[in-house]
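Below is one structure, written out as structure tokens, with a few remarks after it.
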Amino acid sequence: SIDMINERVLFEAQRELVYTNGSIKQIADSLGFDDESYFGRFFRKHMGVSPHAYRLQELERLTRYRAR
């Protein structure tokens with residue numbers, strides 16, 4: 001179903017945003033999005049934040065976790 005596909009795309013997007021240094025455009029391309037803007041809208045619709053904001057918040061969370 002489309003929901004399962006979207007879930008998988010979001011999972012991969014989250015993983016790449018946190019664990020790679022790829023640009024948002026590179027990540028969008030790798031996930032099959034023709035347009036970085038469309039990827040951004042898709043991500044924000046499902047996650048509530050932009051890909052850039054998600055990356056920053058998760059890297060900050062990981063930094064705090066590792067500092068314990």
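Residue numbering restarts at 1 for every chain of the structure tokens, chains are lettered A, B, ... in their displayed order, and ligands are numbered from 1 as they appear.
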Can you tell me, as a PDB file with N, CA, C and O atoms, in the first residue's frame, what residues are no more than 12 Å from Glu58 of chain A when counting only C-alpha atoms, ignoring any on the same chain fewer than 3 positions away?
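selection-v8.pdb written:
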ATOM      1  N   GLN A  14      14.942   9.480   7.356  1.00  0.00           N
ATOM      2  CA  GLN A  14      15.408   9.745   8.717  1.00  0.00           C
ATOM      3  C   GLN A  14      16.808   9.179   8.934  1.00  0.00           C
ATOM      4  O   GLN A  14      17.669   9.842   9.498  1.00  0.00           O
ATOM      5  N   ARG A  15      17.007   7.955   8.490  1.00  0.00           N
ATOM      6  CA  ARG A  15      18.308   7.307   8.666  1.00  0.00           C
ATOM      7  C   ARG A  15      19.400   8.094   7.945  1.00  0.00           C
ATOM      8  O   ARG A  15      20.453   8.381   8.521  1.00  0.00           O
ATOM      9  N   GLU A  16      19.132   8.463   6.693  1.00  0.00           N
ATOM     10  CA  GLU A  16      20.145   9.189   5.927  1.00  0.00           C
ATOM     11  C   GLU A  16      20.406  10.580   6.493  1.00  0.00           C
ATOM     12  O   GLU A  16      21.538  11.044   6.497  1.00  0.00           O
ATOM     13  N   LEU A  17      19.366  11.239   6.979  1.00  0.00           N
ATOM     14  CA  LEU A  17      19.551  12.579   7.543  1.00  0.00           C
ATOM     15  C   LEU A  17      20.444  12.547   8.779  1.00  0.00           C
ATOM     16  O   LEU A  17      21.239  13.456   9.001  1.00  0.00           O
ATOM     17  N   VAL A  18      20.315  11.496   9.569  1.00  0.00           N
ATOM     18  CA  VAL A  18      21.069  11.427  10.825  1.00  0.00           C
ATOM     19  C   VAL A  18      22.447  10.793  10.633  1.00  0.00           C
ATOM     20  O   VAL A  18      23.429  11.261  11.211  1.00  0.00           O
ATOM     21  N   TYR A  19      22.538   9.762   9.824  1.00  0.00           N
ATOM     22  CA  TYR A  19      23.762   8.964   9.777  1.00  0.00           C
ATOM     23  C   TYR A  19      24.626   9.170   8.538  1.00  0.00           C
ATOM     24  O   TYR A  19      25.622   8.467   8.386  1.00  0.00           O
ATOM     25  N   VAL A  49       8.305  18.569  10.780  1.00  0.00           N
ATOM     26  CA  VAL A  49       9.454  19.478  10.688  1.00  0.00           C
ATOM     27  C   VAL A  49      10.132  19.268   9.340  1.00  0.00           C
ATOM     28  O   VAL A  49       9.956  18.237   8.705  1.00  0.00           O
ATOM     29  N   PRO A  51      13.280  18.567   6.716  1.00  0.00           N
ATOM     30  CA  PRO A  51      14.410  17.633   6.816  1.00  0.00           C
ATOM     31  C   PRO A  51      15.609  18.253   7.539  1.00  0.00           C
ATOM     32  O   PRO A  51      16.251  17.583   8.363  1.00  0.00           O
ATOM     33  N   HIS A  52      15.896  19.510   7.266  1.00  0.00           N
ATOM     34  CA  HIS A  52      17.023  20.183   7.914  1.00  0.00           C
ATOM     35  C   HIS A  52      16.811  20.279   9.424  1.00  0.00           C
ATOM     36  O   HIS A  52      17.713  19.959  10.216  1.00  0.00           O
ATOM     37  N   ALA A  53      15.617  20.707   9.831  1.00  0.00           N
ATOM     38  CA  ALA A  53      15.311  20.818  11.261  1.00  0.00           C
ATOM     39  C   ALA A  53      15.373  19.447  11.938  1.00  0.00           C
ATOM     40  O   ALA A  53      15.876  19.317  13.057  1.00  0.00           O
ATOM     41  N   TYR A  54      14.878  18.418  11.257  1.00  0.00           N
ATOM     42  CA  TYR A  54      14.933  17.065  11.806  1.00  0.00           C
ATOM     43  C   TYR A  54      16.378  16.634  12.033  1.00  0.00           C
ATOM     44  O   TYR A  54      16.728  16.116  13.095  1.00  0.00           O
ATOM     45  N   ARG A  55      17.218  16.874  11.026  1.00  0.00           N
ATOM     46  CA  ARG A  55      18.629  16.506  11.144  1.00  0.00           C
ATOM     47  C   ARG A  55      19.259  17.204  12.348  1.00  0.00           C
ATOM     48  O   ARG A  55      19.931  16.563  13.157  1.00  0.00           O
ATOM     49  N   ARG A  61      20.142  15.562  19.809  1.00  0.00           N
ATOM     50  CA  ARG A  61      19.695  14.520  20.741  1.00  0.00           C
ATOM     51  C   ARG A  61      20.771  13.446  20.901  1.00  0.00           C
ATOM     52  O   ARG A  61      21.062  13.007  22.020  1.00  0.00           O
ATOM     53  N   LEU A  62      21.379  13.032  19.797  1.00  0.00           N
ATOM     54  CA  LEU A  62      22.437  12.019  19.869  1.00  0.00           C
ATOM     55  C   LEU A  62      23.653  12.539  20.629  1.00  0.00           C
ATOM     56  O   LEU A  62      24.277  11.804  21.387  1.00  0.00           O
ATOM     57  N   THR A  63      23.986  13.810  20.416  1.00  0.00           N
ATOM     58  CA  THR A  63      25.121  14.408  21.122  1.00  0.00           C
ATOM     59  C   THR A  63      24.870  14.413  22.633  1.00  0.00           C
ATOM     60  O   THR A  63      25.745  14.051  23.413  1.00  0.00           O
ATOM     61  N   ARG A  64      23.641  14.794  23.024  1.00  0.00           N
ATOM     62  CA  ARG A  64      23.299  14.785  24.459  1.00  0.00           C
ATOM     63  C   ARG A  64      23.333  13.374  25.005  1.00  0.00           C
ATOM     64  O   ARG A  64      23.823  13.133  26.112  1.00  0.00           O
ATOM     65  N   TYR A  65      22.820  12.401  24.241  1.00  0.00           N
ATOM     66  CA  TYR A  65      22.799  11.008  24.687  1.00  0.00           C
ATOM     67  C   TYR A  65      24.214  10.478  24.893  1.00  0.00           C
ATOM     68  O   TYR A  65      24.503   9.825  25.887  1.00  0.00           O
TER      69      TYR A  65
END
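Straight-line separation from atom CA of His46 of chain A to atom CA of Thr20 of chain A: 20.7 Å.
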TODO: Can you work out which one of A:Asn6, A:Lys45, A:Ser50, A:Ala67 has the shortest atom-to-atom distance to Gly32 of chain A, counting only C-alpha atoms?
DONE: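 Smallest distance to Gly32 of chain A is found for A:Asn6.
Picture a line from atom CA of Phe43 of chain A to atom CA of Arg66 of chain A; it runs 26.4 Å.
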